[in-house]
Each structure stands twice: as C-alpha cells, then as structure tokens.
>>> print(open('query-v6.cif').read())   # mmCIF, C-alpha atoms, pLDDT in the B column; chains and numbers go by the auth columns
data_start
#
loop_
_atom_site.group_PDB
_atom_site.id
_atom_site.type_symbol
_atom_site.label_atom_id
_atom_site.label_comp_id
_atom_site.label_asym_id
_atom_site.label_seq_id
_atom_site.Cartn_x
_atom_site.Cartn_y
_atom_site.Cartn_z
_atom_site.B_iso_or_equiv
_atom_site.auth_seq_id
_atom_site.auth_asym_id
ATOM 1 C CA MET A 1 -67.251 186.772 -188.882 36.00 1 A
ATOM 2 C CA THR A 2 -69.725 188.186 -186.385 40.00 2 A
ATOM 3 C CA TYR A 3 -72.405 190.339 -187.947 54.00 3 A
ATOM 4 C CA GLY A 4 -72.982 193.629 -186.167 57.00 4 A
ATOM 5 C CA THR A 5 -71.415 196.955 -185.384 52.00 5 A
ATOM 6 C CA GLY A 6 -67.732 197.182 -186.240 50.00 6 A
ATOM 7 C CA SER A 7 -65.146 199.866 -185.835 45.00 7 A
ATOM 8 C CA SER A 8 -66.512 201.690 -188.877 57.00 8 A
ATOM 9 C CA GLY A 9 -70.101 201.649 -187.594 64.00 9 A
ATOM 10 C CA PRO A 10 -73.152 199.472 -188.156 74.00 10 A
ATOM 11 C CA ALA A 11 -73.139 197.078 -191.099 86.00 11 A
ATOM 12 C CA PRO A 12 -75.032 198.485 -194.081 94.00 12 A
ATOM 13 C CA LEU A 13 -78.084 197.095 -195.865 96.00 13 A
ATOM 14 C CA LEU A 14 -78.093 196.433 -199.619 97.00 14 A
ATOM 15 C CA VAL A 15 -81.523 196.082 -201.227 97.00 15 A
ATOM 16 C CA ALA A 16 -81.248 194.688 -204.755 98.00 16 A
ATOM 17 C CA CYS A 17 -83.906 194.848 -207.458 97.00 17 A
ATOM 18 C CA ALA A 18 -83.809 194.373 -211.220 96.00 18 A
ATOM 19 C CA LEU A 19 -86.078 196.980 -212.764 93.00 19 A
ATOM 20 C CA GLY A 20 -86.296 200.744 -212.754 93.00 20 A
ATOM 21 C CA ILE A 21 -89.965 200.590 -211.734 92.00 21 A
ATOM 22 C CA GLU A 22 -89.037 198.409 -208.744 94.00 22 A
ATOM 23 C CA ARG A 23 -86.366 200.863 -207.683 94.00 23 A
ATOM 24 C CA LEU A 24 -88.873 203.702 -208.081 93.00 24 A
ATOM 25 C CA ALA A 25 -91.317 201.897 -205.790 93.00 25 A
ATOM 26 C CA LEU A 26 -88.651 201.240 -203.167 93.00 26 A
ATOM 27 C CA ARG A 27 -87.486 204.845 -203.176 83.00 27 A
ATOM 28 C CA GLY A 28 -91.058 205.833 -202.375 66.00 28 A
ATOM 29 C CA GLY A 29 -91.135 203.529 -199.363 51.00 29 A
ATOM 30 C CA GLY A 30 -91.591 206.234 -196.764 47.00 30 A
ATOM 31 C CA PRO A 31 -89.476 207.444 -193.848 42.00 31 A
ATOM 32 C CA GLY A 32 -87.327 205.189 -191.755 42.00 32 A
ATOM 33 C CA GLU A 33 -83.796 205.161 -190.456 41.00 33 A
ATOM 34 C CA ALA A 34 -81.831 201.943 -190.742 44.00 34 A
ATOM 35 C CA ALA A 35 -79.318 200.795 -188.172 46.00 35 A
ATOM 36 C CA GLY A 36 -76.746 201.238 -190.938 56.00 36 A
ATOM 37 C CA PRO A 37 -76.709 202.849 -194.381 80.00 37 A
ATOM 38 C CA VAL A 38 -79.261 201.586 -196.903 91.00 38 A
ATOM 39 C CA THR A 39 -78.421 201.251 -200.602 94.00 39 A
ATOM 40 C CA VAL A 40 -81.043 200.363 -203.217 95.00 40 A
ATOM 41 C CA LEU A 41 -79.225 198.747 -206.129 96.00 41 A
ATOM 42 C CA ARG A 42 -80.749 198.244 -209.556 97.00 42 A
ATOM 43 C CA THR A 43 -79.031 195.159 -210.954 97.00 43 A
ATOM 44 C CA GLY A 44 -80.658 194.810 -214.353 96.00 44 A
ATOM 45 C CA MET A 45 -82.690 191.815 -215.506 95.00 45 A
ATOM 46 C CA GLY A 46 -81.638 188.204 -215.294 96.00 46 A
ATOM 47 C CA PRO A 47 -79.355 186.099 -213.111 97.00 47 A
ATOM 48 C CA LEU A 48 -76.103 187.101 -214.819 97.00 48 A
ATOM 49 C CA ALA A 49 -76.832 190.805 -214.428 97.00 49 A
ATOM 50 C CA ALA A 50 -77.763 190.288 -210.776 98.00 50 A
ATOM 51 C CA ASP A 51 -74.628 188.262 -210.107 98.00 51 A
ATOM 52 C CA HIS A 52 -72.339 190.859 -211.663 98.00 52 A
ATOM 53 C CA ALA A 53 -74.023 193.863 -210.032 98.00 53 A
ATOM 54 C CA VAL A 54 -74.110 192.408 -206.518 98.00 54 A
ATOM 55 C CA THR A 55 -70.558 191.068 -206.731 97.00 55 A
ATOM 56 C CA ARG A 56 -69.324 194.475 -207.849 97.00 56 A
ATOM 57 C CA ALA A 57 -71.277 196.306 -205.119 97.00 57 A
ATOM 58 C CA LEU A 58 -69.919 194.094 -202.343 97.00 58 A
ATOM 59 C CA ARG A 59 -66.316 194.671 -203.432 96.00 59 A
ATOM 60 C CA ASP A 60 -66.661 198.194 -202.050 95.00 60 A
ATOM 61 C CA PRO A 61 -64.946 198.152 -198.618 94.00 61 A
ATOM 62 C CA ALA A 62 -67.877 200.107 -197.201 92.00 62 A
ATOM 63 C CA MET A 63 -70.234 197.276 -198.207 94.00 63 A
ATOM 64 C CA ARG A 64 -68.032 194.391 -197.069 91.00 64 A
ATOM 65 C CA GLU A 65 -70.376 193.302 -194.251 92.00 65 A
ATOM 66 C CA ALA A 66 -73.661 194.404 -195.823 96.00 66 A
ATOM 67 C CA ALA A 67 -76.820 192.403 -195.295 97.00 67 A
ATOM 68 C CA VAL A 68 -78.524 191.765 -198.627 98.00 68 A
ATOM 69 C CA VAL A 69 -82.212 191.649 -199.505 98.00 69 A
ATOM 70 C CA ALA A 70 -83.372 190.667 -202.993 98.00 70 A
ATOM 71 C CA THR A 71 -86.753 192.141 -203.831 98.00 71 A
ATOM 72 C CA GLY A 72 -89.097 193.183 -206.619 96.00 72 A
ATOM 73 C CA PHE A 73 -91.872 191.424 -208.477 95.00 73 A
ATOM 74 C CA CYS A 74 -92.391 187.703 -209.065 94.00 74 A
ATOM 75 C CA ALA A 75 -94.748 185.161 -210.566 92.00 75 A
ATOM 76 C CA GLY A 76 -96.731 183.185 -208.028 92.00 76 A
ATOM 77 C CA LEU A 77 -96.898 179.430 -208.564 93.00 77 A
ATOM 78 C CA ALA A 78 -99.469 178.262 -206.030 91.00 78 A
ATOM 79 C CA PRO A 79 -103.190 178.189 -206.828 89.00 79 A
ATOM 80 C CA GLY A 80 -105.058 180.917 -204.981 89.00 80 A
ATOM 81 C CA MET A 81 -102.259 183.485 -205.101 92.00 81 A
ATOM 82 C CA HIS A 82 -103.214 187.005 -206.160 90.00 82 A
ATOM 83 C CA PRO A 83 -101.367 190.095 -207.391 90.00 83 A
ATOM 84 C CA GLY A 84 -100.125 192.017 -204.368 93.00 84 A
ATOM 85 C CA ASP A 85 -99.475 188.937 -202.230 95.00 85 A
ATOM 86 C CA LEU A 86 -96.016 188.809 -200.641 97.00 86 A
ATOM 87 C CA VAL A 87 -93.560 185.919 -200.795 98.00 87 A
ATOM 88 C CA VAL A 88 -90.908 185.678 -198.080 98.00 88 A
ATOM 89 C CA ALA A 89 -88.346 183.091 -199.136 98.00 89 A
ATOM 90 C CA ASP A 90 -87.023 180.602 -196.613 98.00 90 A
ATOM 91 C CA GLU A 91 -84.547 179.613 -199.309 98.00 91 A
ATOM 92 C CA THR A 92 -83.770 180.463 -202.919 98.00 92 A
ATOM 93 C CA ARG A 93 -83.116 177.751 -205.499 96.00 93 A
ATOM 94 C CA ASP A 94 -81.832 177.480 -209.025 95.00 94 A
ATOM 95 C CA GLY A 95 -79.705 175.139 -211.094 92.00 95 A
ATOM 96 C CA ALA A 96 -76.598 176.166 -209.155 92.00 96 A
ATOM 97 C CA GLY A 97 -77.982 175.197 -205.756 95.00 97 A
ATOM 98 C CA ARG A 98 -79.796 176.621 -202.750 97.00 98 A
ATOM 99 C CA THR A 99 -79.223 179.563 -200.417 98.00 99 A
ATOM 100 C CA GLU A 100 -80.821 179.627 -196.976 98.00 100 A
ATOM 101 C CA CYS A 101 -82.400 182.918 -195.901 98.00 101 A
ATOM 102 C CA SER A 102 -81.867 184.635 -192.541 97.00 102 A
ATOM 103 C CA GLY A 103 -84.464 185.754 -190.004 96.00 103 A
ATOM 104 C CA VAL A 104 -87.415 184.523 -192.064 97.00 104 A
ATOM 105 C CA GLU A 105 -90.005 184.602 -189.272 96.00 105 A
ATOM 106 C CA LEU A 106 -88.850 188.019 -188.133 96.00 106 A
ATOM 107 C CA LEU A 107 -89.057 189.410 -191.656 97.00 107 A
ATOM 108 C CA ALA A 108 -92.531 187.965 -192.231 97.00 108 A
ATOM 109 C CA LYS A 109 -93.671 189.510 -188.935 97.00 109 A
ATOM 110 C CA GLU A 110 -92.325 192.946 -189.894 97.00 110 A
ATOM 111 C CA LEU A 111 -94.005 192.731 -193.312 97.00 111 A
ATOM 112 C CA ALA A 112 -97.319 191.769 -191.710 96.00 112 A
ATOM 113 C CA ARG A 113 -97.023 194.893 -189.588 95.00 113 A
ATOM 114 C CA ALA A 114 -96.100 197.090 -192.583 93.00 114 A
ATOM 115 C CA VAL A 115 -98.740 195.649 -194.932 92.00 115 A
ATOM 116 C CA PRO A 116 -101.465 194.324 -192.626 91.00 116 A
ATOM 117 C CA ARG A 117 -104.085 193.574 -195.273 89.00 117 A
ATOM 118 C CA ARG A 118 -101.886 191.516 -197.589 94.00 118 A
ATOM 119 C CA VAL A 119 -101.409 187.753 -197.672 96.00 119 A
ATOM 120 C CA ILE A 120 -97.848 186.654 -196.883 97.00 120 A
ATOM 121 C CA HIS A 121 -96.573 183.313 -198.152 97.00 121 A
ATOM 122 C CA THR A 122 -93.364 181.743 -196.817 97.00 122 A
ATOM 123 C CA GLY A 123 -91.435 179.067 -198.686 96.00 123 A
ATOM 124 C CA PRO A 124 -88.951 178.354 -201.469 97.00 124 A
ATOM 125 C CA LEU A 125 -88.374 180.931 -204.216 97.00 125 A
ATOM 126 C CA VAL A 126 -86.967 179.499 -207.430 97.00 126 A
ATOM 127 C CA GLY A 127 -84.795 181.290 -209.972 94.00 127 A
ATOM 128 C CA SER A 128 -85.142 181.123 -213.749 91.00 128 A
ATOM 129 C CA ASP A 129 -83.302 182.714 -216.665 86.00 129 A
ATOM 130 C CA HIS A 130 -86.539 183.241 -218.626 86.00 130 A
ATOM 131 C CA VAL A 131 -90.206 184.079 -218.124 80.00 131 A
ATOM 132 C CA VAL A 132 -92.016 180.980 -216.855 79.00 132 A
ATOM 133 C CA ARG A 133 -95.529 180.118 -218.027 76.00 133 A
ATOM 134 C CA GLY A 134 -98.171 177.411 -217.992 74.00 134 A
ATOM 135 C CA ALA A 135 -96.926 173.854 -217.596 77.00 135 A
ATOM 136 C CA GLU A 136 -93.471 174.975 -216.483 81.00 136 A
ATOM 137 C CA ARG A 137 -95.004 176.916 -213.614 81.00 137 A
ATOM 138 C CA ALA A 138 -96.994 173.854 -212.573 81.00 138 A
ATOM 139 C CA ALA A 139 -93.840 171.723 -212.623 86.00 139 A
ATOM 140 C CA LEU A 140 -91.948 174.207 -210.428 87.00 140 A
ATOM 141 C CA HIS A 141 -94.825 174.297 -207.953 85.00 141 A
ATOM 142 C CA ALA A 142 -94.963 170.489 -207.909 87.00 142 A
ATOM 143 C CA ALA A 143 -91.266 170.550 -206.965 88.00 143 A
ATOM 144 C CA GLY A 144 -92.118 172.667 -203.922 90.00 144 A
ATOM 145 C CA ALA A 145 -91.554 176.269 -205.035 92.00 145 A
ATOM 146 C CA LEU A 146 -94.032 179.019 -204.158 93.00 146 A
ATOM 147 C CA ALA A 147 -92.880 181.634 -206.665 95.00 147 A
ATOM 148 C CA VAL A 148 -90.354 182.282 -209.424 95.00 148 A
ATOM 149 C CA ASP A 149 -88.269 185.268 -210.473 96.00 149 A
ATOM 150 C CA MET A 150 -85.076 185.814 -212.442 95.00 150 A
ATOM 151 C CA GLU A 151 -82.706 187.455 -209.968 97.00 151 A
ATOM 152 C CA SER A 152 -83.216 186.473 -206.315 98.00 152 A
ATOM 153 C CA ALA A 153 -81.314 183.175 -206.352 98.00 153 A
ATOM 154 C CA ALA A 154 -78.338 184.710 -208.166 98.00 154 A
ATOM 155 C CA THR A 155 -78.391 187.758 -205.882 98.00 155 A
ATOM 156 C CA LEU A 156 -78.243 185.750 -202.668 98.00 156 A
ATOM 157 C CA ARG A 157 -75.702 183.269 -203.988 98.00 157 A
ATOM 158 C CA SER A 158 -73.421 186.133 -205.027 98.00 158 A
ATOM 159 C CA ALA A 159 -73.892 187.781 -201.643 98.00 159 A
ATOM 160 C CA VAL A 160 -72.864 184.761 -199.556 98.00 160 A
ATOM 161 C CA ARG A 161 -70.025 183.958 -201.956 97.00 161 A
ATOM 162 C CA ALA A 162 -68.580 187.383 -201.123 96.00 162 A
ATOM 163 C CA GLY A 163 -68.587 186.583 -197.404 95.00 163 A
ATOM 164 C CA PRO A 164 -70.844 185.456 -194.545 95.00 164 A
ATOM 165 C CA ARG A 165 -73.789 187.822 -194.113 96.00 165 A
ATOM 166 C CA PRO A 166 -77.555 187.800 -193.504 97.00 166 A
ATOM 167 C CA VAL A 167 -79.528 187.439 -196.739 98.00 167 A
ATOM 168 C CA ALA A 168 -83.235 187.497 -197.531 98.00 168 A
ATOM 169 C CA ALA A 169 -85.581 187.569 -200.485 98.00 169 A
ATOM 170 C CA VAL A 170 -89.011 189.192 -200.529 98.00 170 A
ATOM 171 C CA ARG A 171 -91.058 189.352 -203.697 97.00 171 A
ATOM 172 C CA VAL A 172 -94.464 190.820 -204.549 96.00 172 A
ATOM 173 C CA VAL A 173 -96.680 188.668 -206.749 94.00 173 A
ATOM 174 C CA VAL A 174 -97.523 190.472 -209.981 90.00 174 A
ATOM 175 C CA ASP A 175 -99.190 187.497 -211.640 85.00 175 A
ATOM 176 C CA ALA A 176 -100.299 184.032 -210.526 76.00 176 A
ATOM 177 C CA PRO A 177 -101.800 180.857 -211.999 70.00 177 A
ATOM 178 C CA GLU A 178 -105.262 182.403 -212.266 59.00 178 A
ATOM 179 C CA HIS A 179 -103.886 185.853 -213.185 54.00 179 A
ATOM 180 C CA GLU A 180 -101.116 185.337 -215.746 56.00 180 A
ATOM 181 C CA LEU A 181 -99.570 188.347 -217.465 52.00 181 A
ATOM 182 C CA VAL A 182 -101.161 187.511 -220.808 45.00 182 A
ATOM 183 C CA ARG A 183 -104.658 187.823 -219.369 45.00 183 A
ATOM 184 C CA ILE A 184 -106.991 190.798 -219.051 38.00 184 A
ATOM 185 C CA GLY A 185 -106.463 192.502 -215.706 43.00 185 A
ATOM 186 C CA THR A 186 -102.676 192.493 -215.844 53.00 186 A
ATOM 187 C CA LEU A 187 -102.530 196.284 -215.539 57.00 187 A
ATOM 188 C CA ARG A 188 -104.608 196.196 -212.381 60.00 188 A
ATOM 189 C CA GLY A 189 -102.378 193.454 -210.954 64.00 189 A
ATOM 190 C CA GLY A 190 -99.262 195.461 -211.783 78.00 190 A
ATOM 191 C CA ILE A 191 -100.600 198.553 -210.053 84.00 191 A
ATOM 192 C CA SER A 192 -101.506 196.503 -206.984 85.00 192 A
ATOM 193 C CA ALA A 193 -98.032 194.958 -206.848 89.00 193 A
ATOM 194 C CA PHE A 194 -96.360 198.356 -207.280 91.00 194 A
ATOM 195 C CA ARG A 195 -98.340 199.796 -204.383 92.00 195 A
ATOM 196 C CA VAL A 196 -97.354 196.913 -202.129 94.00 196 A
ATOM 197 C CA LEU A 197 -93.677 197.176 -203.089 95.00 197 A
ATOM 198 C CA ARG A 198 -93.745 200.834 -202.031 94.00 198 A
ATOM 199 C CA THR A 199 -94.517 199.717 -198.459 94.00 199 A
ATOM 200 C CA VAL A 200 -91.875 197.062 -197.807 96.00 200 A
ATOM 201 C CA LEU A 201 -88.677 199.039 -197.185 95.00 201 A
ATOM 202 C CA PRO A 202 -89.511 199.878 -193.536 94.00 202 A
ATOM 203 C CA ALA A 203 -89.916 196.152 -192.847 96.00 203 A
ATOM 204 C CA PHE A 204 -86.476 195.474 -194.353 97.00 204 A
ATOM 205 C CA ILE A 205 -85.050 198.212 -192.146 95.00 205 A
ATOM 206 C CA GLU A 206 -86.566 196.704 -188.990 95.00 206 A
ATOM 207 C CA TRP A 207 -85.326 193.230 -189.971 96.00 207 A
ATOM 208 C CA HIS A 208 -81.850 194.688 -190.435 95.00 208 A
ATOM 209 C CA ARG A 209 -81.985 196.573 -187.140 93.00 209 A
ATOM 210 C CA SER A 210 -83.026 193.446 -185.243 92.00 210 A
ATOM 211 C CA LEU A 211 -80.136 191.457 -186.702 87.00 211 A
ATOM 212 C CA LEU A 212 -77.744 194.039 -185.281 79.00 212 A
ATOM 213 C CA LEU A 213 -79.124 193.844 -181.725 70.00 213 A
ATOM 214 C CA PRO A 214 -76.766 192.238 -179.203 56.00 214 A
ATOM 215 C CA ARG A 215 -77.566 188.584 -178.523 47.00 215 A
ATOM 216 C CA ARG A 216 -78.357 187.762 -174.869 41.00 216 A
#
>>> encode(input="query-v6.cif", output="structure tokens")
Amino acid sequence: MTYGTGSSGPAPLLVACALGIERLALRGGGPGEAAGPVTVLRTGMGPLAADHAVTRALRDPAMREAAVVATGFCAGLAPGMHPGDLVVADETRDGAGRTECSGVELLAKELARAVPRRVIHTGPLVGSDHVVRGAERAALHAAGALAVDMESAATLRSAVRAGPRPVAAVRVVVDAPEHELVRIGTLRGGISAFRVLRTVLPAFIEWHRSLLLPRR
C-alpha cells in the first residue's frame, strides 16, 4: 500500500506506551495538530500486553493505515548515558527477530528541535520480558544494543504484522549503567525522564506529517 492521505482522510498516528505515568506525560506534551488523528494507547507492561493491545487497536478500520510509535522509558546500556537522554531506534530486536524503523534521521532531527539540550542516541533497541540488570545489560550492549525496554519490539512487530506502515521507537533513558534504578538518585532520574517525555509528542507529530507529504 502507499502511505498517505486516502479517501477517508490522512492516516492516523498511534503512539503506544506501557505505563499510566508515561501516558500522563504524553498527554501533557503541549499543543500541536497532527496531519491525522493522534491516539495515545496505554498497552500495559510487557511484550505480550503490548502485542495484544496494538493488534486490537489496529483492527479498528479507522486505524488500518496508522503509523505507530512506541515510546516511554527505557534502560540505557551504553556507558556515559544519563537519565533524560533520548534513544531513537533504527531497529528493534528481540528473540522473535528485528523490525526496521522508518524516518530515523528525520525523527532524530525533530527531537533535537523539540528537546535541544538533551543527548540523542540512535541505534538498536532491544526487547526483554523482564527487568535487565548488571551483567545482562553488559551482554546486550556487547551485542550492539543501545537500550532495552519491554514493549517496543513487540509493539513494532505487531504493527507491521497488521499491514505495511511507518513505525518508530523513541525511548527516554530513566536509568543507565552508572545510574541503575537500585541506586541513590533514582527519583531524580525518574523526574528528569518524565519531563523529557512530556516534550516529545510534537516531534512525533512532525515526523508523521512529513511522512504524509507528497514525494517529488
């Protein structure tokens, strides 16, 4: 299929997150009008919940051509990452395979404009069905991943399984190798990540709008 404006109007945008606090942050993302309708979907935690929620959402005829962005918090894997850094996936990975992301450079550019004082990392985002710590984090980083979360890989895989569409994953680092959740300072890191997540929705909207522009 060709992604763009159909007889029923512009294709919508589905933004999927797992947690209520993530959805709260996204709803506070400020003004902005998407090229098509925007839906923020809370999937629940874990890959199975994400798979079921996204599959169900995309069965709605109104969402048939929706672009999908997976977002929320993540654990950074690379040394030197800090809470509040952004990860723009060029692909998501898990035990079921890989999903390539769309418009990665464009999305990173829009995020840099929306959050100009934050570090943006681009690379693979790996999925897990449990919280990853210590040596397991190091092993995932050694395999090439920049960050890990529980839902992005399942979200994007479910989205492309339902039909061809643009997909992306953007995560905000809430803890990192030098700032793990079990350490003092976690609260500060969580607040920083929440504040950054509040700013990202306009960048998703601009990414979506650009994908709908006629190709010349």
>>> resolve_selection(input="query-v6.cif", expression="the PyMOL selection byres ((chain A and resi 25) around 9)", output="NGL selection string")
:A and (20-24 or 26-29 or 194-199)
>>> closest_residue(input="query-v6.cif", among="A:Ile120, A:Met45, A:Leu156, A:Leu107", to="A:Leu211", atoms="all atoms listed in the file")
A:Leu107
>>> closest_residue(input="query-v6.cif", among="A:Gly46, A:Pro61, A:Pro79, A:Pro124", to="A:Ala11", atoms="all atoms listed in the file")
A:Pro61
>>> closest_residue(input="query-v6.cif", among="A:Gly123, A:Pro12, A:Gly144, A:Gly72", to="A:Gly84", atoms="only C-alpha atoms")
A:Gly72
>>> residues_around(input="query-v6.cif", residues="A:Phe73", least_positions_apart="2", cutoff="12 Å", atoms="only C-alpha atoms", output="ChimeraX atom specification")
/A:16-23,25-26,45,70-71,75-76,83-88,125,147-152,169-176,189-198
>>> residues_around(input="query-v6.cif", residues="stretch 51-53 of chain A", least_positions_apart="5", cutoff="6 Å", atoms="all atoms listed in the file", output="list in words")
Thr43, Ala154, Thr155 and Ser158 of chain A
>>> closest_residue(input="query-v6.cif", among="A:Val40, A:Leu77, A:Val200, A:Leu13", to="A:Leu212", atoms="all atoms listed in the file")
A:Leu13
>>> residues_around(input="query-v6.cif", residues="A:Val69", least_positions_apart="2", cutoff="6 Å", atoms="only C-alpha atoms", output="list in words")
Val15, Val167, Ala168 and Ala169 of chain A
>>> resolve_selection(input="query-v6.cif", expression="the PyMOL selection byres ((chain A and resi 108) around 10)", output="list of chain:residue names")
A:Leu86, A:Val87, A:Val88, A:Ala89, A:Gly103, A:Val104, A:Glu105, A:Leu106, A:Leu107, A:Lys109, A:Glu110, A:Leu111, A:Ala112, A:Arg113, A:Ala114, A:Ile120, A:His121, A:Thr122, A:Val170, A:Ala203, A:Phe204, A:Trp207
>>> resolve_selection(input="query-v6.cif", expression="the PyMOL selection byres ((chain A and resi 133-138) around 8)", output="list in words")
Leu77, Val131, Val132, Ala139, Leu140, His141, Ala142, Pro177 and Glu180 of chain A
>>> atom_distance(input="query-v6.cif", atom1="atom CA of A:Pro166", atom2="atom CA of A:Leu213")
13.3 Å
>>> closest_residue(input="query-v6.cif", among="A:Ala62, A:Val54, A:Ala143, A:Leu41", to="A:Arg157", atoms="all atoms listed in the file")
A:Val54
>>> atom_distance(input="query-v6.cif", atom1="atom CA of A:Met63", atom2="atom CA of A:Arg93")
24.5 Å
>>> atom_distance(input="query-v6.cif", atom1="atom CA of A:Ala78", atom2="atom CA of A:Pro47")
22.7 Å
>>> residues_around(input="query-v6.cif", residues="A:Glu100", least_positions_apart="4", cutoff="8 Å", atoms="only C-alpha atoms", output="ChimeraX atom specification")
/A:90-92,167
>>> decode(input="query-v6.cif", residues="stretch 75-90 of chain A", atoms="C-alpha atoms", output="PDB file, in the first residue's frame")
ATOM      1  CA  ALA A  75      17.236   1.398  30.493  1.00  0.00           C
ATOM      2  CA  GLY A  76      20.336   2.701  28.768  1.00  0.00           C
ATOM      3  CA  LEU A  77      23.074   0.166  28.068  1.00  0.00           C
ATOM      4  CA  ALA A  78      25.996   2.284  26.897  1.00  0.00           C
ATOM      5  CA  PRO A  79      28.498   3.787  29.341  1.00  0.00           C
ATOM      6  CA  GLY A  80      28.058   7.536  29.644  1.00  0.00           C
ATOM      7  CA  MET A  81      24.283   7.544  29.203  1.00  0.00           C
ATOM      8  CA  HIS A  82      22.279   9.624  31.668  1.00  0.00           C
ATOM      9  CA  PRO A  83      18.641   9.831  32.762  1.00  0.00           C
ATOM     10  CA  GLY A  84      16.797  12.081  30.330  1.00  0.00           C
ATOM     11  CA  ASP A  85      18.833  11.054  27.283  1.00  0.00           C
ATOM     12  CA  LEU A  86      16.756  10.021  24.262  1.00  0.00           C
ATOM     13  CA  VAL A  87      17.125   6.825  22.247  1.00  0.00           C
ATOM     14  CA  VAL A  88      15.826   6.803  18.674  1.00  0.00           C
ATOM     15  CA  ALA A  89      15.790   3.220  17.436  1.00  0.00           C
ATOM     16  CA  ASP A  90      16.989   2.416  13.939  1.00  0.00           C
TER      17      ASP A  90
END
